[in-house]
>>> print(open('query36.cif').read())   # mmCIF, N, CA and C atoms
data_upload
loop_
_atom_site.label_atom_id
_atom_site.label_comp_id
_atom_site.auth_asym_id
_atom_site.auth_seq_id
_atom_site.Cartn_x
_atom_site.Cartn_y
_atom_site.Cartn_z
N MET A 270 -1.29 15.99 106.19
CA MET A 270 -2.27 15.86 105.13
C MET A 270 -3.19 14.69 105.47
N ALA A 271 -4.48 14.94 105.50
CA ALA A 271 -5.45 13.88 105.77
C ALA A 271 -5.48 12.92 104.61
N SER A 272 -5.90 11.69 104.88
CA SER A 272 -5.87 10.66 103.84
C SER A 272 -6.78 11.00 102.66
N SER A 273 -7.82 11.81 102.89
CA SER A 273 -8.73 12.15 101.79
C SER A 273 -8.23 13.37 101.01
N ASP A 274 -7.28 14.12 101.55
CA ASP A 274 -6.73 15.28 100.86
C ASP A 274 -5.79 14.84 99.75
N LYS A 275 -5.82 15.60 98.68
CA LYS A 275 -4.89 15.33 97.58
C LYS A 275 -3.64 16.19 97.77
N PRO A 276 -2.51 15.74 97.25
CA PRO A 276 -1.29 16.54 97.36
C PRO A 276 -1.45 17.89 96.67
N GLU A 277 -0.69 18.86 97.12
CA GLU A 277 -0.77 20.22 96.58
C GLU A 277 -0.48 20.27 95.07
N TRP A 278 0.43 19.43 94.58
CA TRP A 278 0.82 19.49 93.17
C TRP A 278 -0.34 19.15 92.23
N VAL A 279 -1.36 18.47 92.70
CA VAL A 279 -2.51 18.07 91.86
C VAL A 279 -3.20 19.30 91.27
N SER A 280 -3.19 20.42 91.99
CA SER A 280 -3.86 21.63 91.52
C SER A 280 -3.02 22.42 90.52
N ARG A 281 -1.78 22.00 90.29
CA ARG A 281 -0.88 22.67 89.34
C ARG A 281 -0.48 21.69 88.24
N PRO A 282 -1.19 21.69 87.12
CA PRO A 282 -0.86 20.72 86.07
C PRO A 282 0.51 21.02 85.46
N PRO A 283 1.16 19.99 84.92
CA PRO A 283 2.45 20.22 84.27
C PRO A 283 2.25 20.94 82.95
N ARG A 284 3.34 21.39 82.39
CA ARG A 284 3.33 22.06 81.09
C ARG A 284 3.71 21.05 80.00
N VAL A 285 3.29 21.35 78.80
CA VAL A 285 3.73 20.55 77.65
C VAL A 285 5.26 20.62 77.60
N GLY A 286 5.89 19.46 77.44
CA GLY A 286 7.33 19.39 77.42
C GLY A 286 7.95 18.99 78.74
N ASN A 287 7.12 18.95 79.81
CA ASN A 287 7.63 18.47 81.10
C ASN A 287 7.80 16.96 81.06
N VAL A 288 8.77 16.48 81.81
CA VAL A 288 8.94 15.05 82.04
C VAL A 288 8.41 14.79 83.44
N VAL A 289 7.43 13.89 83.55
CA VAL A 289 6.78 13.59 84.82
C VAL A 289 6.79 12.08 85.06
N THR A 290 6.46 11.69 86.29
CA THR A 290 6.38 10.26 86.60
C THR A 290 4.93 9.84 86.75
N CYS A 291 4.60 8.71 86.12
CA CYS A 291 3.24 8.17 86.22
C CYS A 291 3.24 6.67 85.99
N LEU A 292 2.11 6.07 86.28
CA LEU A 292 1.88 4.66 85.97
C LEU A 292 1.31 4.63 84.56
N TYR A 293 2.06 4.09 83.63
CA TYR A 293 1.60 4.06 82.25
C TYR A 293 0.65 2.87 82.06
N PRO A 294 -0.50 3.08 81.41
CA PRO A 294 -1.45 1.98 81.21
C PRO A 294 -0.79 0.79 80.50
N ASN A 295 -1.14 -0.39 80.92
CA ASN A 295 -0.66 -1.64 80.34
C ASN A 295 0.84 -1.87 80.49
N ASP A 296 1.50 -1.12 81.34
CA ASP A 296 2.91 -1.36 81.62
C ASP A 296 2.99 -2.61 82.49
N PRO A 297 3.62 -3.68 82.01
CA PRO A 297 3.63 -4.92 82.78
C PRO A 297 4.32 -4.80 84.14
N LYS A 298 5.25 -3.85 84.28
CA LYS A 298 5.95 -3.68 85.56
C LYS A 298 5.12 -2.87 86.56
N ARG A 299 4.12 -2.16 86.06
CA ARG A 299 3.21 -1.37 86.91
C ARG A 299 3.97 -0.56 87.96
N ARG A 300 4.88 0.28 87.45
CA ARG A 300 5.65 1.14 88.34
C ARG A 300 5.70 2.54 87.76
N LEU A 301 6.00 3.52 88.62
CA LEU A 301 6.14 4.88 88.15
C LEU A 301 7.31 4.95 87.18
N ARG A 302 7.09 5.59 86.05
CA ARG A 302 8.13 5.72 85.05
C ARG A 302 8.09 7.13 84.47
N PRO A 303 9.19 7.60 83.91
CA PRO A 303 9.17 8.92 83.29
C PRO A 303 8.40 8.89 81.98
N VAL A 304 7.58 9.91 81.79
CA VAL A 304 6.82 10.07 80.56
C VAL A 304 6.93 11.54 80.15
N LEU A 305 6.66 11.81 78.89
CA LEU A 305 6.73 13.17 78.36
C LEU A 305 5.32 13.73 78.18
N VAL A 306 5.06 14.89 78.74
CA VAL A 306 3.74 15.52 78.62
C VAL A 306 3.61 16.15 77.24
N LEU A 307 2.59 15.70 76.50
CA LEU A 307 2.31 16.23 75.15
C LEU A 307 1.13 17.18 75.15
N GLU A 308 0.27 17.06 76.18
CA GLU A 308 -0.94 17.88 76.24
C GLU A 308 -1.47 17.86 77.67
N THR A 309 -2.07 18.97 78.09
CA THR A 309 -2.74 19.04 79.39
C THR A 309 -4.19 19.43 79.15
N GLN A 310 -5.11 18.74 79.80
CA GLN A 310 -6.54 19.02 79.65
C GLN A 310 -7.17 19.29 81.01
N ALA A 311 -8.02 20.30 81.07
CA ALA A 311 -8.77 20.59 82.29
C ALA A 311 -10.08 19.83 82.24
N GLY A 312 -10.42 19.17 83.34
CA GLY A 312 -11.67 18.43 83.42
C GLY A 312 -12.80 19.30 83.92
N SER A 313 -14.03 18.87 83.73
CA SER A 313 -15.19 19.65 84.15
C SER A 313 -15.33 19.72 85.67
N ALA A 314 -14.75 18.76 86.38
CA ALA A 314 -14.85 18.75 87.85
C ALA A 314 -13.67 19.47 88.50
N GLY A 315 -12.85 20.15 87.72
CA GLY A 315 -11.73 20.90 88.27
C GLY A 315 -10.41 20.18 88.27
N GLY A 316 -10.39 18.90 87.93
CA GLY A 316 -9.13 18.16 87.86
C GLY A 316 -8.48 18.32 86.51
N TYR A 317 -7.37 17.64 86.34
CA TYR A 317 -6.62 17.70 85.08
C TYR A 317 -6.29 16.29 84.61
N ALA A 318 -6.00 16.21 83.32
CA ALA A 318 -5.47 14.98 82.73
C ALA A 318 -4.33 15.39 81.82
N VAL A 319 -3.41 14.46 81.60
CA VAL A 319 -2.26 14.73 80.73
C VAL A 319 -2.16 13.64 79.67
N ARG A 320 -1.89 14.07 78.43
CA ARG A 320 -1.56 13.11 77.37
C ARG A 320 -0.05 12.99 77.40
N VAL A 321 0.43 11.77 77.53
CA VAL A 321 1.86 11.54 77.70
C VAL A 321 2.38 10.51 76.71
N ALA A 322 3.68 10.61 76.43
CA ALA A 322 4.39 9.62 75.60
C ALA A 322 5.18 8.71 76.53
N TYR A 323 5.10 7.45 76.25
CA TYR A 323 5.77 6.40 77.02
C TYR A 323 7.29 6.59 76.98
N GLY A 324 7.93 6.50 78.14
CA GLY A 324 9.38 6.61 78.22
C GLY A 324 10.01 5.26 78.51
N THR A 325 11.12 4.98 77.84
CA THR A 325 11.83 3.71 78.04
C THR A 325 13.33 3.93 77.90
N LYS A 326 14.11 3.13 78.61
CA LYS A 326 15.57 3.22 78.48
C LYS A 326 16.07 2.41 77.29
N SER A 327 15.17 1.66 76.63
CA SER A 327 15.51 0.93 75.41
C SER A 327 15.50 1.92 74.25
N LEU A 328 16.67 2.41 73.86
CA LEU A 328 16.75 3.48 72.86
C LEU A 328 16.35 3.05 71.46
N ASP A 329 16.70 1.84 71.04
CA ASP A 329 16.28 1.29 69.75
C ASP A 329 16.45 2.30 68.61
N LYS A 330 17.63 2.90 68.53
CA LYS A 330 17.89 3.98 67.58
C LYS A 330 17.70 3.58 66.12
N GLU A 331 18.08 2.36 65.78
CA GLU A 331 18.01 1.94 64.38
C GLU A 331 16.59 1.94 63.84
N THR A 332 15.64 1.47 64.62
CA THR A 332 14.26 1.38 64.11
C THR A 332 13.37 2.53 64.59
N ARG A 333 13.70 3.18 65.71
CA ARG A 333 12.82 4.21 66.27
C ARG A 333 13.43 5.61 66.31
N GLY A 334 14.70 5.73 65.99
CA GLY A 334 15.41 7.00 66.12
C GLY A 334 14.82 8.14 65.31
N GLN A 335 14.26 7.85 64.14
CA GLN A 335 13.68 8.90 63.30
C GLN A 335 12.23 9.22 63.68
N ILE A 336 11.62 8.37 64.48
CA ILE A 336 10.21 8.53 64.85
C ILE A 336 10.06 9.11 66.24
N ASP A 337 10.82 8.58 67.18
CA ASP A 337 10.67 8.94 68.58
C ASP A 337 11.68 9.99 69.01
N LEU A 338 11.46 10.53 70.19
CA LEU A 338 12.36 11.52 70.76
C LEU A 338 13.32 10.81 71.71
N ILE A 339 14.61 10.96 71.46
CA ILE A 339 15.63 10.32 72.30
C ILE A 339 16.41 11.42 73.03
N VAL A 340 16.43 11.31 74.33
CA VAL A 340 17.17 12.25 75.18
C VAL A 340 18.38 11.49 75.69
N GLU A 341 19.59 11.95 75.30
CA GLU A 341 20.76 11.21 75.74
C GLU A 341 21.98 12.05 76.10
N SER A 342 22.04 13.32 75.69
CA SER A 342 23.20 14.12 76.09
C SER A 342 23.09 14.43 77.59
N GLU A 343 24.24 14.56 78.23
CA GLU A 343 24.26 14.79 79.67
C GLU A 343 23.49 16.06 80.04
N ALA A 344 23.66 17.13 79.26
CA ALA A 344 22.97 18.39 79.54
C ALA A 344 21.45 18.22 79.42
N ASP A 345 21.00 17.53 78.37
CA ASP A 345 19.56 17.30 78.18
C ASP A 345 18.99 16.41 79.27
N LEU A 346 19.74 15.36 79.65
CA LEU A 346 19.29 14.47 80.73
C LEU A 346 19.11 15.26 82.02
N ASP A 347 20.07 16.14 82.33
CA ASP A 347 19.98 16.95 83.54
C ASP A 347 18.75 17.86 83.51
N GLU A 348 18.53 18.51 82.37
CA GLU A 348 17.39 19.43 82.26
C GLU A 348 16.05 18.69 82.37
N CYS A 349 16.02 17.47 81.86
CA CYS A 349 14.80 16.66 81.92
C CYS A 349 14.61 15.97 83.27
N GLY A 350 15.66 15.95 84.09
CA GLY A 350 15.59 15.25 85.37
C GLY A 350 15.71 13.74 85.24
N LEU A 351 16.36 13.30 84.17
CA LEU A 351 16.50 11.87 83.90
C LEU A 351 17.90 11.38 84.28
N ALA A 352 17.98 10.16 84.77
CA ALA A 352 19.26 9.58 85.17
C ALA A 352 19.93 8.82 84.04
N VAL A 353 19.14 8.29 83.11
CA VAL A 353 19.69 7.48 82.01
C VAL A 353 19.09 7.94 80.69
N PRO A 354 19.80 7.72 79.57
CA PRO A 354 19.23 8.04 78.27
C PRO A 354 17.85 7.39 78.11
N THR A 355 16.92 8.16 77.56
CA THR A 355 15.52 7.73 77.50
C THR A 355 14.94 8.04 76.13
N ARG A 356 14.15 7.09 75.63
CA ARG A 356 13.41 7.28 74.38
C ARG A 356 11.94 7.46 74.72
N PHE A 357 11.32 8.52 74.19
CA PHE A 357 9.89 8.73 74.37
C PHE A 357 9.18 8.32 73.09
N ASP A 358 8.33 7.32 73.19
CA ASP A 358 7.61 6.76 72.05
C ASP A 358 6.46 7.68 71.70
N LEU A 359 6.62 8.48 70.66
CA LEU A 359 5.63 9.49 70.29
C LEU A 359 4.39 8.88 69.62
N GLU A 360 4.46 7.60 69.25
CA GLU A 360 3.28 6.92 68.70
C GLU A 360 2.49 6.21 69.79
N GLU A 361 3.10 6.01 70.94
CA GLU A 361 2.47 5.30 72.06
C GLU A 361 2.14 6.33 73.14
N THR A 362 0.91 6.87 73.07
CA THR A 362 0.51 7.90 74.04
C THR A 362 -0.72 7.44 74.81
N ALA A 363 -0.94 8.08 75.95
CA ALA A 363 -2.10 7.76 76.78
C ALA A 363 -2.55 9.02 77.50
N LEU A 364 -3.85 9.09 77.78
CA LEU A 364 -4.42 10.17 78.57
C LEU A 364 -4.57 9.66 80.00
N ILE A 365 -3.92 10.35 80.94
CA ILE A 365 -3.83 9.87 82.32
C ILE A 365 -4.29 10.96 83.27
N PRO A 366 -5.09 10.62 84.29
CA PRO A 366 -5.48 11.62 85.29
C PRO A 366 -4.25 12.17 86.02
N TRP A 367 -4.25 13.48 86.25
CA TRP A 367 -3.13 14.13 86.94
C TRP A 367 -3.38 14.10 88.45
N ASP A 368 -3.41 12.91 89.01
CA ASP A 368 -3.49 12.76 90.46
C ASP A 368 -3.10 11.33 90.83
N PRO A 369 -2.78 11.11 92.12
CA PRO A 369 -2.38 9.77 92.54
C PRO A 369 -3.54 8.79 92.41
N PRO A 370 -3.30 7.54 92.14
CA PRO A 370 -1.98 6.92 91.98
C PRO A 370 -1.46 6.97 90.55
N ASP A 371 -2.27 7.48 89.60
CA ASP A 371 -1.86 7.45 88.19
C ASP A 371 -0.60 8.27 87.94
N CYS A 372 -0.56 9.47 88.48
CA CYS A 372 0.66 10.29 88.47
C CYS A 372 1.05 10.45 89.93
N ASP A 373 2.31 10.28 90.22
CA ASP A 373 2.74 10.38 91.61
C ASP A 373 4.24 10.66 91.65
N CYS A 374 4.74 10.87 92.85
CA CYS A 374 6.14 11.27 93.05
C CYS A 374 7.03 10.07 93.31
N TRP A 375 8.22 10.13 92.76
CA TRP A 375 9.24 9.17 93.15
C TRP A 375 9.62 9.44 94.60
N HIS A 376 10.10 8.43 95.28
CA HIS A 376 10.48 8.54 96.69
C HIS A 376 11.43 9.73 96.90
N GLY A 377 11.10 10.56 97.87
CA GLY A 377 11.95 11.70 98.20
C GLY A 377 11.66 12.96 97.41
N ARG A 378 10.69 12.92 96.51
CA ARG A 378 10.33 14.09 95.70
C ARG A 378 8.96 14.60 96.14
N TYR A 379 8.71 15.87 95.88
CA TYR A 379 7.45 16.49 96.29
C TYR A 379 6.51 16.76 95.11
N SER A 380 6.92 16.38 93.91
CA SER A 380 6.12 16.56 92.71
C SER A 380 6.50 15.49 91.70
N PRO A 381 5.56 15.09 90.85
CA PRO A 381 5.90 14.16 89.77
C PRO A 381 6.74 14.80 88.66
N VAL A 382 6.79 16.14 88.62
CA VAL A 382 7.55 16.83 87.57
C VAL A 382 9.04 16.66 87.85
N LEU A 383 9.73 16.02 86.91
CA LEU A 383 11.17 15.79 87.04
C LEU A 383 11.97 16.92 86.41
N GLY A 384 11.48 17.46 85.31
CA GLY A 384 12.19 18.50 84.57
C GLY A 384 11.45 18.80 83.29
N ALA A 385 12.15 19.43 82.35
CA ALA A 385 11.52 19.82 81.08
C ALA A 385 12.49 19.64 79.93
N LEU A 386 11.94 19.36 78.76
CA LEU A 386 12.76 19.24 77.56
C LEU A 386 13.39 20.59 77.24
N PRO A 387 14.65 20.60 76.83
CA PRO A 387 15.25 21.84 76.34
C PRO A 387 14.53 22.27 75.05
N MET A 388 14.60 23.55 74.74
CA MET A 388 13.87 24.08 73.57
C MET A 388 14.21 23.33 72.29
N SER A 389 15.47 22.99 72.08
CA SER A 389 15.84 22.28 70.84
C SER A 389 15.13 20.92 70.76
N GLN A 390 14.99 20.24 71.88
CA GLN A 390 14.29 18.95 71.91
C GLN A 390 12.79 19.16 71.72
N GLN A 391 12.23 20.26 72.25
CA GLN A 391 10.81 20.55 72.06
C GLN A 391 10.50 20.76 70.58
N ILE A 392 11.39 21.46 69.89
CA ILE A 392 11.20 21.71 68.45
C ILE A 392 11.28 20.40 67.68
N ASP A 393 12.28 19.58 67.99
CA ASP A 393 12.43 18.27 67.35
C ASP A 393 11.19 17.42 67.59
N CYS A 394 10.68 17.44 68.82
CA CYS A 394 9.48 16.68 69.18
C CYS A 394 8.28 17.15 68.35
N ALA A 395 8.12 18.45 68.21
CA ALA A 395 6.98 18.99 67.44
C ALA A 395 7.04 18.53 65.99
N TYR A 396 8.22 18.55 65.38
CA TYR A 396 8.36 18.09 64.00
C TYR A 396 8.04 16.60 63.87
N LYS A 397 8.49 15.81 64.82
CA LYS A 397 8.24 14.36 64.77
C LYS A 397 6.76 14.05 64.97
N ILE A 398 6.10 14.77 65.86
CA ILE A 398 4.65 14.56 66.07
C ILE A 398 3.89 14.96 64.80
N GLN A 399 4.29 16.06 64.18
CA GLN A 399 3.65 16.48 62.93
C GLN A 399 3.81 15.42 61.84
N ALA A 400 4.99 14.83 61.74
CA ALA A 400 5.24 13.78 60.75
C ALA A 400 4.36 12.56 61.03
N ILE A 401 4.21 12.21 62.29
CA ILE A 401 3.34 11.07 62.66
C ILE A 401 1.90 11.37 62.28
N GLN A 402 1.44 12.58 62.57
CA GLN A 402 0.06 12.95 62.24
C GLN A 402 -0.16 12.98 60.73
N ASN A 403 0.80 13.49 59.99
CA ASN A 403 0.69 13.49 58.53
C ASN A 403 0.64 12.07 57.97
N LYS A 404 1.43 11.18 58.54
CA LYS A 404 1.46 9.78 58.10
C LYS A 404 0.11 9.10 58.34
N THR A 405 -0.52 9.37 59.46
CA THR A 405 -1.79 8.71 59.78
C THR A 405 -2.96 9.27 58.98
N ARG A 406 -2.81 10.49 58.44
CA ARG A 406 -3.89 11.09 57.64
C ARG A 406 -3.94 10.54 56.22
N ARG A 407 -2.87 9.94 55.78
CA ARG A 407 -2.79 9.45 54.40
C ARG A 407 -3.56 8.19 54.22
#
>>> encode(input="query36.cif", output="structure tokens")
Amino acid sequence: MASSDKPEWVSRPPRVGNVVTCLYPNDPKRRLRPVLVLETQAGSAGGYAVRVAYGTKSLDKETRGQIDLIVESEADLDECGLAVPTRFDLEETALIPWDPPDCDCWHGRYSPVLGALPMSQQIDCAYKIQAIQNKTRR
């Protein structure tokens, strides 16, 4: 691959509910981290962008458990491609270009897509996002 060529995965945007790796804006560690895809947008120049929810291993169940999506069962972690229990902050989202360096692969992987939320988690996520939107409209 020539240095000006983009990786093949750039032409295939992720789906809503995928867990992908990206550099989250204003992340002080400035490293690739797992995020949850909430929306995919096609750009006018043929590229894509993804709206994502910030992922963190700080579960903070007492204060964030009813608001955010927490993935912690072994089966769900496997399906999502996550190694540790992860909380996705559904109030902290960002629109990120779907190409390097903003979205990129962890070492040894050929795509930023790690996995996908199981259907039960997707439904829970949809209800929580709806509750957040209803709260902000009031």
>>> residues_around(input="query36.cif", residues="A:Arg320", least_positions_apart="3", cutoff="8 Å", atoms="only C-alpha atoms", output="list in words")
Val306, Leu307, Glu308, Thr309, Thr362, Ala363, Leu364 and Ile365 of chain A
>>> residues_around(input="query36.cif", residues="A:Leu338", least_positions_apart="4", cutoff="7 Å", atoms="only N, CA and C atoms", output="list in words")
Arg333, Gly334, Thr355, Arg356, Phe357, Asp358, Leu359, Asp393 and Cys394 of chain A
>>> write_last_selection(input="query36.cif", atoms="N, CA and C atoms", output="compact mmCIF listing (two decimals), in the coordinates of the input")
# COMPACT_ATOMS: atom_id res chain seq x y z
N ARG A 333 13.70 3.18 65.71
CA ARG A 333 12.82 4.21 66.27
C ARG A 333 13.43 5.61 66.31
N GLY A 334 14.70 5.73 65.99
CA GLY A 334 15.41 7.00 66.12
C GLY A 334 14.82 8.14 65.31
N THR A 355 16.92 8.16 77.56
CA THR A 355 15.52 7.73 77.50
C THR A 355 14.94 8.04 76.13
N ARG A 356 14.15 7.09 75.63
CA ARG A 356 13.41 7.28 74.38
C ARG A 356 11.94 7.46 74.72
N PHE A 357 11.32 8.52 74.19
CA PHE A 357 9.89 8.73 74.37
C PHE A 357 9.18 8.32 73.09
N ASP A 358 8.33 7.32 73.19
CA ASP A 358 7.61 6.76 72.05
C ASP A 358 6.46 7.68 71.70
N LEU A 359 6.62 8.48 70.66
CA LEU A 359 5.63 9.49 70.29
C LEU A 359 4.39 8.88 69.62
N ASP A 393 12.28 19.58 67.99
CA ASP A 393 12.43 18.27 67.35
C ASP A 393 11.19 17.42 67.59
N CYS A 394 10.68 17.44 68.82
CA CYS A 394 9.48 16.68 69.18
C CYS A 394 8.28 17.15 68.35
>>> select_by_dssp(input="query36.cif", residues="stretch 276-396 of chain A", states="alpha helix (DSSP H)", output="ChimeraX atom specification")
/A:330-333,343-349,388-396
>>> resolve_selection(input="query36.cif", expression="the PyMOL selection byres ((chain A and resi 366) around 6)", output="mmCIF file with N, CA and C atoms, in the coordinates of the input")
data_model
loop_
_atom_site.group_PDB
_atom_site.id
_atom_site.type_symbol
_atom_site.label_atom_id
_atom_site.label_comp_id
_atom_site.auth_asym_id
_atom_site.auth_seq_id
_atom_site.Cartn_x
_atom_site.Cartn_y
_atom_site.Cartn_z
ATOM 1 N N TYR A 317 -7.370 17.640 86.340
ATOM 2 C CA TYR A 317 -6.620 17.700 85.080
ATOM 3 C C TYR A 317 -6.290 16.290 84.610
ATOM 4 N N ALA A 318 -6.000 16.210 83.320
ATOM 5 C CA ALA A 318 -5.470 14.980 82.730
ATOM 6 C C ALA A 318 -4.330 15.390 81.820
ATOM 7 N N VAL A 319 -3.410 14.460 81.600
ATOM 8 C CA VAL A 319 -2.260 14.730 80.730
ATOM 9 C C VAL A 319 -2.160 13.640 79.670
ATOM 10 N N LEU A 364 -3.850 9.090 77.780
ATOM 11 C CA LEU A 364 -4.420 10.170 78.570
ATOM 12 C C LEU A 364 -4.570 9.660 80.000
ATOM 13 N N ILE A 365 -3.920 10.350 80.940
ATOM 14 C CA ILE A 365 -3.830 9.870 82.320
ATOM 15 C C ILE A 365 -4.290 10.960 83.270
ATOM 16 N N TRP A 367 -4.250 13.480 86.250
ATOM 17 C CA TRP A 367 -3.130 14.130 86.940
ATOM 18 C C TRP A 367 -3.380 14.100 88.450
ATOM 19 N N ASP A 368 -3.410 12.910 89.010
ATOM 20 C CA ASP A 368 -3.490 12.760 90.460
ATOM 21 C C ASP A 368 -3.100 11.330 90.830
ATOM 22 N N ASP A 371 -2.270 7.480 89.600
ATOM 23 C CA ASP A 371 -1.860 7.450 88.190
ATOM 24 C C ASP A 371 -0.600 8.270 87.940
ATOM 25 N N CYS A 372 -0.560 9.470 88.480
ATOM 26 C CA CYS A 372 0.660 10.290 88.470
ATOM 27 C C CYS A 372 1.050 10.450 89.930
#
>>> axis_aligned_box(input="query36.cif", around="stretch 322-332 of chain A", padding_each_side="5 Å", output="lines of an AutoDock Vina configuration file")
center_x = 10.9
center_y = 5.8
center_z = 71.2
size_x = 24.4
size_y = 19.7
size_z = 24.8
